[in-house]
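Below is coords.tsv, holding TSV, C-alpha atoms and all ligand atoms.
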chain	number	residue	atom	x	y	z
D	1	ALA	CA	26.93	9.68	-22.89
D	2	LEU	CA	28.87	11.58	-20.26
D	3	ARG	CA	25.76	12.02	-18.16
D	4	HIS	CA	24.96	8.36	-18.46
D	5	HIS	CA	28.52	7.35	-17.78
D	6	LYS	CA	28.76	9.57	-14.70
D	7	SER	CA	25.59	8.14	-13.28
D	8	VAL	CA	26.95	4.66	-13.82
D	9	ILE	CA	30.14	5.54	-11.99
D	10	ASP	CA	28.46	7.35	-9.16
D	11	HIS	CA	25.30	5.42	-8.56
D	12	GLU	CA	25.44	2.10	-10.28
D	13	ARG	CA	28.46	0.76	-8.49
D	14	VAL	CA	31.43	0.92	-10.82
D	15	ALA	CA	34.27	2.72	-9.08
D	16	SER	CA	35.82	5.88	-10.49
D	17	TYR	CA	39.14	4.67	-9.07
D	18	ALA	CA	41.09	1.65	-10.30
D	19	PHE	CA	43.85	-0.82	-9.40
D	20	ALA	CA	47.01	-1.99	-11.10
D	21	PHE	CA	48.88	-5.00	-9.73
D	22	ASP	CA	52.41	-6.18	-9.98
D	23	ILE	CA	52.40	-10.00	-10.21
D	24	ASP	CA	55.58	-11.61	-8.81
D	25	GLY	CA	55.88	-10.97	-5.10
D	26	VAL	CA	52.35	-9.56	-4.87
D	27	LEU	CA	50.00	-12.23	-6.25
D	28	VAL	CA	52.38	-15.14	-6.81
D	29	LYS	CA	55.83	-16.26	-5.79
D	30	GLY	CA	57.29	-18.78	-8.19
D	31	PRO	CA	54.89	-21.73	-8.24
D	32	GLU	CA	53.08	-20.53	-5.10
D	33	THR	CA	50.04	-18.26	-5.07
D	34	ILE	CA	50.12	-15.66	-2.29
D	35	PRO	CA	47.32	-16.92	0.01
D	36	GLN	CA	45.52	-13.56	0.32
D	37	ALA	CA	45.52	-12.82	-3.42
D	38	PRO	CA	42.30	-14.61	-4.55
D	39	GLU	CA	40.26	-12.86	-1.84
D	40	ALA	CA	41.73	-9.45	-2.78
D	41	LEU	CA	40.65	-9.86	-6.41
D	42	ARG	CA	37.21	-11.16	-5.41
D	43	MET	CA	36.70	-7.97	-3.42
D	44	LEU	CA	37.41	-5.87	-6.49
D	45	ASN	CA	34.94	-7.92	-8.52
D	46	GLY	CA	32.17	-6.53	-6.31
D	47	HIS	CA	32.33	-8.78	-3.25
D	48	ASN	CA	32.83	-5.92	-0.82
D	49	LYS	CA	30.53	-4.17	1.60
D	50	TYR	CA	29.87	-1.35	-0.88
D	51	ASN	CA	28.95	-3.79	-3.68
D	52	ILE	CA	31.18	-1.77	-5.94
D	53	LYS	CA	33.07	-3.18	-8.91
D	54	VAL	CA	36.60	-1.80	-9.24
D	55	PRO	CA	38.43	-2.08	-12.60
D	56	TYR	CA	41.95	-3.52	-12.43
D	57	ILE	CA	44.88	-4.44	-14.65
D	58	PHE	CA	48.18	-6.31	-14.17
D	59	ILE	CA	51.59	-4.85	-14.96
D	60	THR	CA	54.38	-7.38	-14.59
D	61	ASN	CA	57.98	-7.14	-15.69
D	62	GLY	CA	57.92	-10.91	-16.08
D	63	GLY	CA	57.26	-12.71	-19.35
D	64	GLY	CA	58.46	-15.66	-21.38
D	65	ARG	CA	55.01	-16.77	-22.46
D	66	SER	CA	52.17	-15.25	-24.40
D	67	GLU	CA	49.74	-12.86	-22.76
D	68	LYS	CA	47.06	-15.49	-23.38
D	69	ALA	CA	49.00	-18.18	-21.49
D	70	ARG	CA	49.73	-15.75	-18.67
D	71	CYS	CA	45.99	-15.00	-18.36
D	72	ARG	CA	45.08	-18.68	-18.26
D	73	ASP	CA	47.56	-19.22	-15.44
D	74	LEU	CA	46.46	-16.15	-13.47
D	75	SER	CA	42.78	-17.02	-13.87
D	76	LYS	CA	43.39	-20.52	-12.54
D	77	ARG	CA	45.49	-19.41	-9.61
D	78	LEU	CA	43.30	-16.49	-8.58
D	79	GLY	CA	39.91	-18.04	-9.28
D	80	ILE	CA	38.80	-15.14	-11.50
D	81	THR	CA	38.64	-14.51	-15.25
D	82	VAL	CA	41.60	-12.49	-16.44
D	83	THR	CA	41.56	-11.40	-20.09
D	84	GLU	CA	44.43	-10.37	-22.35
D	85	ASP	CA	43.20	-6.77	-22.31
D	86	GLN	CA	44.15	-6.57	-18.64
D	87	VAL	CA	47.74	-7.78	-18.79
D	88	ILE	CA	51.00	-6.04	-19.64
D	89	GLN	CA	54.17	-8.12	-19.49
D	90	GLY	CA	57.69	-6.74	-19.75
D	91	HIS	CA	57.91	-7.60	-23.44
D	92	THR	CA	54.35	-6.64	-24.42
D	93	PRO	CA	55.32	-3.13	-25.65
D	94	MET	CA	58.02	-4.72	-27.86
D	95	LYS	CA	55.17	-5.54	-30.26
D	96	ASP	CA	55.78	-2.04	-31.56
D	97	LEU	CA	59.16	-3.18	-32.96
D	98	VAL	CA	57.57	-5.68	-35.36
D	99	ASP	CA	57.64	-3.22	-38.24
D	100	VAL	CA	61.11	-1.95	-37.37
D	101	TYR	CA	63.20	-5.16	-37.58
D	102	ASP	CA	62.98	-8.21	-39.85
D	103	ASN	CA	65.69	-10.35	-38.20
D	104	VAL	CA	65.74	-10.52	-34.42
D	105	LEU	CA	67.50	-12.66	-31.83
D	106	VAL	CA	65.15	-13.31	-28.92
D	107	VAL	CA	66.83	-14.27	-25.65
D	108	GLY	CA	65.46	-15.87	-22.47
D	109	GLY	CA	62.71	-18.21	-21.35
D	110	VAL	CA	62.36	-21.98	-21.51
D	111	LEU	CA	63.60	-23.57	-24.77
D	112	ASP	CA	61.82	-21.79	-27.66
D	113	SER	CA	58.98	-20.29	-25.58
D	114	CYS	CA	60.07	-16.71	-26.34
D	115	ARG	CA	60.43	-17.43	-30.06
D	116	ASN	CA	56.78	-18.49	-30.02
D	117	VAL	CA	55.76	-15.31	-28.22
D	118	ALA	CA	57.73	-13.11	-30.65
D	119	GLU	CA	56.27	-14.91	-33.67
D	120	GLY	CA	52.84	-14.45	-32.11
D	121	TYR	CA	53.53	-10.71	-31.99
D	122	GLY	CA	54.22	-10.84	-35.72
D	123	PHE	CA	58.04	-10.73	-35.88
D	124	LYS	CA	59.19	-12.19	-39.20
D	125	ASN	CA	62.51	-13.99	-38.65
D	126	VAL	CA	62.96	-14.89	-35.01
D	127	TYR	CA	66.18	-16.61	-33.98
D	128	ILE	CA	67.16	-17.86	-30.54
D	129	PRO	CA	70.63	-18.57	-29.08
D	130	LEU	CA	69.99	-22.34	-29.41
D	131	ASP	CA	69.83	-21.95	-33.22
D	132	ILE	CA	73.28	-20.34	-33.16
D	133	MET	CA	74.66	-23.04	-30.85
D	134	LYS	CA	73.32	-25.72	-33.18
D	135	TRP	CA	74.85	-23.95	-36.20
D	136	LYS	CA	78.32	-23.97	-34.61
D	137	PRO	CA	78.72	-25.69	-31.23
D	138	SER	CA	82.15	-24.03	-30.86
D	139	VAL	CA	80.39	-20.66	-30.32
D	140	THR	CA	79.86	-21.82	-26.72
D	141	PRO	CA	82.78	-24.20	-26.16
D	142	TYR	CA	81.76	-25.66	-22.79
D	143	TYR	CA	78.11	-26.22	-23.46
D	144	VAL	CA	76.61	-29.15	-25.34
D	145	LEU	CA	72.96	-28.98	-26.39
D	146	ASN	CA	70.70	-31.61	-24.83
D	147	GLU	CA	68.13	-33.57	-26.85
D	148	GLU	CA	65.25	-31.20	-26.06
D	149	GLU	CA	67.31	-28.19	-27.08
D	150	LYS	CA	68.40	-29.86	-30.31
D	151	LYS	CA	64.76	-30.50	-31.16
D	152	VAL	CA	63.67	-26.86	-30.94
D	153	ALA	CA	66.84	-25.38	-32.50
D	154	ARG	CA	66.41	-24.53	-36.18
D	155	ASP	CA	68.95	-25.08	-38.96
D	156	VAL	CA	70.17	-21.65	-40.02
D	157	ASP	CA	73.44	-20.51	-41.63
D	158	PHE	CA	74.30	-17.54	-39.43
D	159	SER	CA	77.16	-16.48	-41.65
D	160	LYS	CA	74.43	-15.31	-44.03
D	161	VAL	CA	72.03	-13.68	-41.56
D	162	ASN	CA	72.28	-10.15	-40.26
D	163	ILE	CA	70.64	-9.87	-36.88
D	164	GLN	CA	69.25	-6.35	-36.55
D	165	ALA	CA	68.16	-6.40	-32.94
D	166	ILE	CA	68.67	-8.47	-29.79
D	167	LEU	CA	65.51	-8.62	-27.72
D	168	VAL	CA	65.94	-9.99	-24.20
D	169	PHE	CA	62.39	-11.12	-23.52
D	170	ALA	CA	62.72	-13.08	-20.29
D	171	ASP	CA	65.26	-14.33	-17.76
D	172	SER	CA	68.14	-16.20	-19.35
D	173	ARG	CA	68.38	-19.92	-18.54
D	174	ASN	CA	72.00	-20.01	-19.64
D	175	TRP	CA	73.84	-16.81	-18.75
D	176	ALA	CA	77.22	-18.00	-19.99
D	177	ALA	CA	76.04	-18.96	-23.48
D	178	ASP	CA	73.64	-16.06	-23.86
D	179	GLN	CA	76.28	-13.52	-22.80
D	180	GLN	CA	78.85	-15.00	-25.18
D	181	ILE	CA	76.43	-14.71	-28.10
D	182	ILE	CA	75.04	-11.27	-27.18
D	183	LEU	CA	78.57	-9.84	-26.81
D	184	GLU	CA	79.70	-11.33	-30.10
D	185	LEU	CA	76.78	-9.77	-31.93
D	186	LEU	CA	77.23	-6.38	-30.24
D	187	LEU	CA	80.84	-6.31	-31.46
D	188	SER	CA	79.99	-7.72	-34.90
D	189	ASP	CA	79.83	-6.08	-38.26
D	190	ASN	CA	76.12	-5.65	-39.01
D	191	GLY	CA	74.92	-8.47	-36.75
D	192	VAL	CA	76.62	-11.29	-38.68
D	193	MET	CA	78.10	-14.06	-36.50
D	194	GLY	CA	81.83	-14.61	-36.91
D	195	THR	CA	82.54	-10.97	-37.83
D	196	VAL	CA	84.03	-8.12	-35.79
D	197	CYS	CA	83.59	-4.43	-36.49
D	198	PRO	CA	86.91	-2.79	-35.56
D	199	THR	CA	85.18	0.36	-34.28
D	200	TYR	CA	82.46	-1.61	-32.46
D	201	ASP	CA	79.74	0.63	-33.78
D	202	ASN	CA	77.91	-1.51	-36.30
D	203	GLY	CA	76.24	-4.12	-34.10
D	204	PRO	CA	72.52	-4.68	-33.56
D	205	GLY	CA	70.41	-2.71	-31.08
D	206	LEU	CA	69.97	-4.25	-27.64
D	207	TYR	CA	66.56	-4.23	-25.93
D	208	PHE	CA	65.63	-5.50	-22.48
D	209	ALA	CA	62.03	-6.29	-21.47
D	210	HIS	CA	62.86	-4.97	-18.00
D	211	SER	CA	65.79	-4.18	-15.75
D	212	ASP	CA	64.86	-5.78	-12.42
D	213	PHE	CA	68.12	-6.50	-10.61
D	214	VAL	CA	66.46	-9.03	-8.29
D	215	TRP	CA	63.03	-10.61	-8.04
D	216	ALA	CA	61.03	-12.65	-5.56
D	217	THR	CA	60.66	-16.41	-5.94
D	218	ASP	CA	59.60	-19.09	-3.46
D	219	TYR	CA	63.20	-19.17	-2.17
D	220	GLY	CA	63.83	-17.15	0.98
D	221	LEU	CA	66.14	-14.57	-0.61
D	222	SER	CA	65.58	-12.67	-3.84
D	223	ARG	CA	67.21	-14.02	-7.00
D	224	TYR	CA	69.17	-12.11	-9.66
D	225	GLY	CA	66.98	-11.02	-12.56
D	226	MET	CA	67.37	-9.69	-16.05
D	227	GLY	CA	68.71	-6.37	-14.76
D	228	ALA	CA	71.66	-8.21	-13.24
D	229	LEU	CA	72.36	-9.84	-16.62
D	230	GLN	CA	72.29	-6.36	-18.12
D	231	VAL	CA	74.85	-5.12	-15.57
D	232	SER	CA	77.04	-8.09	-16.39
D	233	ILE	CA	76.84	-7.55	-20.16
D	234	ALA	CA	77.52	-3.82	-19.73
D	235	ALA	CA	80.63	-4.61	-17.66
D	236	LEU	CA	81.94	-7.09	-20.26
D	237	TYR	CA	81.20	-4.67	-23.09
D	238	GLN	CA	82.99	-1.83	-21.29
D	239	GLU	CA	85.98	-4.03	-20.53
D	240	HIS	CA	86.21	-5.15	-24.15
D	241	THR	CA	85.51	-1.89	-25.99
D	242	GLY	CA	86.08	0.89	-23.46
D	243	LYS	CA	82.61	2.15	-24.38
D	244	GLU	CA	79.36	2.43	-22.52
D	245	LEU	CA	76.71	-0.10	-23.53
D	246	GLN	CA	73.60	1.39	-25.14
D	247	VAL	CA	70.41	-0.37	-24.08
D	248	THR	CA	66.73	0.35	-24.73
D	249	ARG	CA	64.74	-0.59	-21.68
D	250	PHE	CA	61.10	-1.57	-21.35
D	251	GLY	CA	59.10	-2.61	-18.28
D	252	LYS	CA	58.59	-0.75	-15.03
D	253	PRO	CA	59.67	1.94	-14.17
D	254	GLN	CA	60.17	3.12	-17.77
D	255	ARG	CA	58.05	6.01	-18.98
D	256	GLY	CA	57.07	4.18	-22.20
D	257	THR	CA	55.58	1.34	-20.17
D	258	PHE	CA	53.69	3.87	-18.07
D	259	ARG	CA	52.10	5.40	-21.18
D	260	PHE	CA	51.27	1.90	-22.43
D	261	ALA	CA	49.73	1.04	-19.03
D	262	GLU	CA	47.57	4.17	-19.00
D	263	LYS	CA	46.18	3.26	-22.41
D	264	VAL	CA	45.47	-0.33	-21.35
D	265	LEU	CA	43.79	0.84	-18.15
D	266	SER	CA	41.65	3.40	-19.92
D	267	ASN	CA	40.50	0.80	-22.47
D	268	TRP	CA	39.78	-1.67	-19.70
D	269	ARG	CA	37.76	0.83	-17.67
D	270	ARG	CA	35.75	1.61	-20.78
D	271	GLU	CA	35.16	-2.10	-21.29
D	272	THR	CA	34.08	-2.61	-17.68
D	273	LEU	CA	31.74	0.34	-17.88
D	274	SER	CA	30.20	-0.57	-21.21
D	275	GLU	CA	29.61	-4.11	-20.01
D	276	HIS	CA	27.95	-2.69	-16.92
D	277	VAL	CA	25.81	-0.27	-18.90
D	278	GLU	CA	24.79	-3.10	-21.19
D	279	ASN	CA	23.68	-5.17	-18.23
D	280	LEU	CA	21.71	-2.27	-16.85
D	281	LYS	CA	20.07	-1.70	-20.20
D	282	LEU	CA	19.12	-5.34	-20.43
D	283	GLU	CA	17.71	-5.17	-16.93
D	284	GLU	CA	15.69	-2.14	-17.93
D	285	ASP	CA	14.42	-4.29	-20.78
D	286	GLN	CA	15.38	-1.67	-23.33
D	287	SER	CA	16.19	-2.20	-26.99
D	288	ALA	CA	17.52	-5.77	-26.80
D	289	GLY	CA	20.32	-6.48	-29.28
D	290	GLU	CA	21.59	-2.91	-29.42
D	291	THR	CA	24.96	-2.00	-27.98
D	292	PRO	CA	25.03	1.19	-25.97
D	293	PHE	CA	28.76	1.71	-26.35
D	294	ASP	CA	31.39	0.41	-28.64
D	295	THR	CA	33.60	-2.21	-27.04
D	296	GLU	CA	36.34	-2.31	-29.69
D	297	GLU	CA	39.78	-2.27	-28.09
D	298	GLU	CA	41.62	-0.37	-30.80
D	299	ASP	CA	39.96	2.76	-32.06
D	300	GLU	CA	42.00	2.50	-35.29
D	301	GLU	CA	40.29	-0.78	-36.07
D	302	GLU	CA	36.89	0.80	-36.38
D	303	ASP	CA	35.46	0.51	-39.84
D	304	ASP	CA	34.53	3.97	-41.07
D	305	ASP	CA	32.16	2.56	-43.67
D	306	GLU	CA	29.87	1.00	-41.14
D	307	ASP	CA	27.20	2.92	-39.38
D	308	ASP	CA	28.44	2.83	-35.78
D	309	THR	CA	25.81	5.17	-34.45
D	310	THR	CA	24.74	4.13	-30.94
D	311	VAL	CA	21.28	4.14	-29.43
D	312	ASP	CA	21.97	7.66	-28.19
D	313	GLY	CA	22.76	8.79	-31.72
D	314	GLU	CA	26.43	9.16	-30.85
D	315	LYS	CA	29.54	7.68	-32.42
D	316	PRO	CA	31.31	5.04	-30.31
D	317	GLY	CA	34.44	7.16	-30.13
D	318	ASP	CA	32.48	9.77	-28.14
D	319	LEU	CA	32.71	7.75	-24.96
D	320	VAL	CA	36.47	7.45	-25.31
D	321	LEU	CA	36.77	11.20	-25.37
D	322	GLU	CA	34.33	11.74	-22.56
D	323	LEU	CA	35.48	9.06	-20.13
D	324	PRO	CA	37.35	10.92	-17.43
D	325	PRO	CA	40.62	9.37	-16.26
D	326	ALA	CA	40.52	7.17	-13.17
D	327	SER	CA	40.28	9.39	-10.10
D	328	THR	CA	43.09	7.40	-8.45
D	329	VAL	CA	45.02	4.34	-9.62
D	330	TYR	CA	46.24	2.22	-6.71
D	331	PHE	CA	49.37	0.40	-7.76
D	332	VAL	CA	50.36	-2.52	-5.56
D	333	GLY	CA	53.96	-3.71	-5.90
D	334	ASP	CA	56.78	-5.38	-3.98
D	335	THR	CA	59.90	-3.87	-5.59
D	336	PRO	CA	60.63	-0.24	-4.66
D	337	GLU	CA	63.06	0.32	-7.58
D	338	SER	CA	60.53	-0.83	-10.21
D	339	ASP	CA	57.04	-0.59	-8.78
D	340	ILE	CA	57.10	2.28	-6.33
D	341	ARG	CA	59.30	4.38	-8.58
D	342	PHE	CA	56.89	3.60	-11.45
D	343	ALA	CA	53.77	4.69	-9.58
D	344	ASN	CA	55.42	7.66	-7.87
D	345	SER	CA	56.49	9.04	-11.24
D	346	HIS	CA	52.83	10.03	-11.74
D	347	ASP	CA	51.72	10.58	-8.18
D	348	SER	CA	49.07	13.13	-9.07
D	349	THR	CA	46.79	10.19	-9.94
D	350	TRP	CA	48.74	7.03	-9.10
D	351	TYR	CA	49.00	5.92	-5.48
D	352	SER	CA	51.84	3.56	-4.62
D	353	ILE	CA	51.35	0.72	-2.13
D	354	LEU	CA	54.30	-1.45	-1.15
D	355	VAL	CA	53.65	-4.97	0.15
D	356	LYS	CA	55.97	-7.11	2.23
D	357	THR	CA	55.37	-10.44	0.48
D	358	GLY	CA	58.10	-10.12	-2.16
D	359	VAL	CA	61.42	-8.34	-2.73
D	360	TYR	CA	60.87	-5.70	-0.05
D	361	LYS	CA	61.34	-7.00	3.48
D	362	ASP	CA	60.14	-5.43	6.68
D	363	GLY	CA	62.69	-3.26	8.43
D	364	ALA	CA	64.55	-2.21	5.28
D	365	MET	CA	64.48	1.38	4.07
D	366	PRO	CA	62.91	1.36	0.58
D	367	ARG	CA	64.87	3.42	-1.97
D	368	TYR	CA	61.61	4.87	-3.28
D	369	THR	CA	59.09	5.76	-0.62
D	370	PRO	CA	55.58	4.35	-1.07
D	371	LYS	CA	52.49	6.30	-0.07
D	372	LYS	CA	51.44	3.28	1.98
D	373	THR	CA	53.02	0.01	3.11
D	374	CYS	CA	50.83	-3.07	3.72
D	375	GLU	CA	51.50	-6.61	4.88
D	376	ASN	CA	49.98	-8.14	1.74
D	377	VAL	CA	47.76	-7.50	-1.27
D	378	LEU	CA	44.49	-8.10	0.60
D	379	GLU	CA	45.38	-5.49	3.20
D	380	ALA	CA	46.27	-3.10	0.36
D	381	VAL	CA	42.90	-3.59	-1.35
D	382	LYS	CA	40.97	-3.16	1.89
D	383	PHE	CA	42.94	-0.01	2.73
D	384	ALA	CA	42.26	1.57	-0.66
D	385	ILE	CA	38.55	0.75	-0.69
D	386	GLU	CA	38.11	2.24	2.79
D	387	ARG	CA	40.12	5.29	1.78
D	388	GLU	CA	37.70	5.85	-1.09
D	389	HIS	CA	34.42	5.45	0.79
D	401	LIG	O1	61.21	-11.85	-14.00
D	401	LIG	C1	60.08	-11.32	-13.40
D	401	LIG	C2	60.38	-10.37	-12.34
D	401	LIG	O2	61.59	-9.71	-12.60
D	401	LIG	C3	59.34	-9.35	-11.97
D	401	LIG	O3	58.00	-9.60	-12.14
D	401	LIG	O4	55.60	-9.26	-11.66
D	401	LIG	O5	57.30	-8.50	-10.01
D	401	LIG	O6	57.04	-7.29	-12.16
D	401	LIG	P1	56.94	-8.62	-11.45
D	402	MG	MG	57.12	-7.87	-8.21

This structure in structure tokens:
Amino acid sequence: ALRHHKSVIDHERVASYAFAFDIDGVLVKGPETIPQAPEALRMLNGHNKYNIKVPYIFITNGGGRSEKARCRDLSKRLGITVTEDQVIQGHTPMKDLVDVYDNVLVVGGVLDSCRNVAEGYGFKNVYIPLDIMKWKPSVTPYYVLNEEEKKVARDVDFSKVNIQAILVFADSRNWAADQQIILELLLSDNGVMGTVCPTYDNGPGLYFAHSDFVWATDYGLSRYGMGALQVSIAALYQEHTGKELQVTRFGKPQRGTFRFAEKVLSNWRRETLSEHVENLKLEEDQSAGETPFDTEEEDEEEDDDEDDTTVDGEKPGDLVLELPPASTVYFVGDTPESDIRFANSHDSTWYSILVKTGVYKDGAMPRYTPKKTCENVLEAVKFAIEREH
């Protein structure tokens, strides 16, 4: 399989290198699509002078909708097919908390969009701040729920619920209310609303999908992001308790997200290669109906009872072991503190490219130095392809 795989990489036009893209500020900006983005992705799909197909994934700190919905939107905007196996959002790795907590408060996003995402991940009892505000409007004295909010808010008696974790999934649409509720729970006794733990050490865990202080929208200047909300909550918590706020952070540039990204990229490269090998095999008119390599995403899901032997007489897992890591992963981002820091943390294989279409603006001195700075994503893709050939 290794021999075959190598020949596919070297001679059959699937690159040994790969790309990872940040989304906001690189491919889109609020409702706008960055004009050069569709062409950049087309090039990686093989429309380049070397006729080479380059595997790529997306790593965004953004979220607030399911990975499926995000893919639909990206596919439409970029004119390509993006699948769920290629996308990591800020909250995607929080799936791993499903078996840890039964009762979670999910914060951020439009109305109950993040509740839907969390339930899609498999979380059992997912509450949102609107449920709490419906339960007792006096929790947030100066805010009255509108009709839409009342519709999505569920009837729950929060004096009987212990919230075990607060998961900030996406940007808050109501900082004042969300901060009031988050602070109350942090200071509570065992995550029950209306209680206070005198030593302030029995509240739920606090998790943030990312810590971007600012982010790029279609407005001229960057806007405060979830990281700014975190700073604000930490300041209030410190003022109230004299203690430092404990937060578990996901997203870029966190190490956990990097490990998650490497796994996603390696699976995606395997998928791209196996699809390519399959096409070649079909072209060669060999053994129609047989699959040269396993295309299962999760190795754990393989059924041991089935005979998974491939045409080469090898087990599907063999390719996983033998697939060498990408020779270089070009990571294109617009935020030095998240993206460049993220890629530079593994600069033996990852190569950071900073673009000027988002948070970073020409003339400024980036806090984390990229290996290369480009005007936009298309220039970045062209640069990397030329560097490789
Ligand atoms: O809220 C989203 C924003 O903070 C960052 O998104 O794609 O630039 O990582 P992205
Ligand atoms: Mg960005």

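Take CA of Leu105 in chain D and CA of Leu167 in chain D: the distance between them is 6.1 Å.
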
Could you give me the residues within 8 Å of ligand LIG 401 (chain D), counting only C-alpha atoms and all ligand atoms, as a count of residues only? 30

So which residues are close to (73.2, -1.1, -25.4), meaning at most 12 Å away in the file's coordinates with all atoms listed in the file counted, and can you show them as a PyMOL selection string? chain D and resi 165-168+182-183+185-187+200-208+230-231+233-238+243-249

Give the answer as one residue: which of D:Lys151, D:Arg13, D:Lys76, D:Lys356 has the shortest atom-to-atom distance to Asn376 in chain D, using all atoms listed in the file? D:Lys356

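Comparing D:Gly227, D:Gly122, D:Gly358, D:Gly363 by their smallest distance to ligand MG 402 (chain D), the closest is D:Gly358 (using all atoms listed in the file).
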
Calculated over all atoms listed in the file, which of the candidates D:Val28, D:Gln179, D:Tyr127, D:Phe258 has the smallest distance to ligand MG 402 (chain D)?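 Among the listed residues, the smallest separation from ligand MG 402 (chain D) belongs to D:Val28.
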
Selection: 12 Å around Phe123 in chain D, all atoms listed in the file, excl. self and same-chain fewer than 6 positions, as a ChimeraX atom specification: /D:94-106,114-117,165,167

Would you write out those residues with C-alpha atoms, as a PDB file, keeping the file's coordinate frame?
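Result written to out24.pdb:
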ATOM      1  CA  MET D  94      58.020  -4.720 -27.860  1.00  0.00           C
ATOM      2  CA  LYS D  95      55.170  -5.540 -30.260  1.00  0.00           C
ATOM      3  CA  ASP D  96      55.780  -2.040 -31.560  1.00  0.00           C
ATOM      4  CA  LEU D  97      59.160  -3.180 -32.960  1.00  0.00           C
ATOM      5  CA  VAL D  98      57.570  -5.680 -35.360  1.00  0.00           C
ATOM      6  CA  ASP D  99      57.640  -3.220 -38.240  1.00  0.00           C
ATOM      7  CA  VAL D 100      61.110  -1.950 -37.370  1.00  0.00           C
ATOM      8  CA  TYR D 101      63.200  -5.160 -37.580  1.00  0.00           C
ATOM      9  CA  ASP D 102      62.980  -8.210 -39.850  1.00  0.00           C
ATOM     10  CA  ASN D 103      65.690 -10.350 -38.200  1.00  0.00           C
ATOM     11  CA  VAL D 104      65.740 -10.520 -34.420  1.00  0.00           C
ATOM     12  CA  LEU D 105      67.500 -12.660 -31.830  1.00  0.00           C
ATOM     13  CA  VAL D 106      65.150 -13.310 -28.920  1.00  0.00           C
ATOM     14  CA  CYS D 114      60.070 -16.710 -26.340  1.00  0.00           C
ATOM     15  CA  ARG D 115      60.430 -17.430 -30.060  1.00  0.00           C
ATOM     16  CA  ASN D 116      56.780 -18.490 -30.020  1.00  0.00           C
ATOM     17  CA  VAL D 117      55.760 -15.310 -28.220  1.00  0.00           C
ATOM     18  CA  ALA D 165      68.160  -6.400 -32.940  1.00  0.00           C
ATOM     19  CA  LEU D 167      65.510  -8.620 -27.720  1.00  0.00           C
TER      20      LEU D 167
END

Pick from D:Leu221, D:Val126, D:Val110, D:Leu27, whichever lies nearest to ligand MG 402 (chain D) using only C-alpha atoms and all ligand atoms: D:Leu27

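Using only C-alpha atoms, the contacts of Glu39 in chain D at a cut-off of 10 Å, with sequence neighbours closer than 4 positions omitted, comprise Pro35, Met43, Leu44, Asn45, His47, Leu78, Gly79, Val377, Leu378 and Val381 of chain D.
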
All residues 10 Å or closer to Trp268 in chain D, all atoms listed in the file, same chain fewer than 2 positions away omitted, as a PyMOL selection string: chain D and resi 55-57+83+85-86+262-266+270-274+295+297

Interatomic distance between CA of Tyr368 in chain D and CA of Pro336 in chain D?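 We find that CA of Tyr368 in chain D and CA of Pro336 in chain D lie 5.4 Å from each other.
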
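The closest residue to Val14 in chain D, picked from D:Gln36, D:Ser138, D:Asn51, D:Asn146 and counting all atoms listed in the file, is D:Asn51.
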
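Distances here use only C-alpha atoms; by that measure, the residue among D:Trp175, D:Tyr351, D:Trp135, D:Tyr121 closest to Phe158 in chain D is D:Trp135.
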
Separation of CA of Arg154 in chain D and CA of Asp131 in chain D, in Å? 5.2 Å

Counting all atoms listed in the file, write as a list in words all protein and nucleic acid residues lying at most 12 Å from (79.0, -15.4, -43.3) in the file's frame.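 Taken together, the residues in range are Trp135, Val156, Asp157, Phe158, Ser159, Lys160, Val161, Asn162, Ile163, Ser188, Asp189, Asn190, Gly191, Val192, Met193, Gly194, Thr195 and Val196 of chain D.
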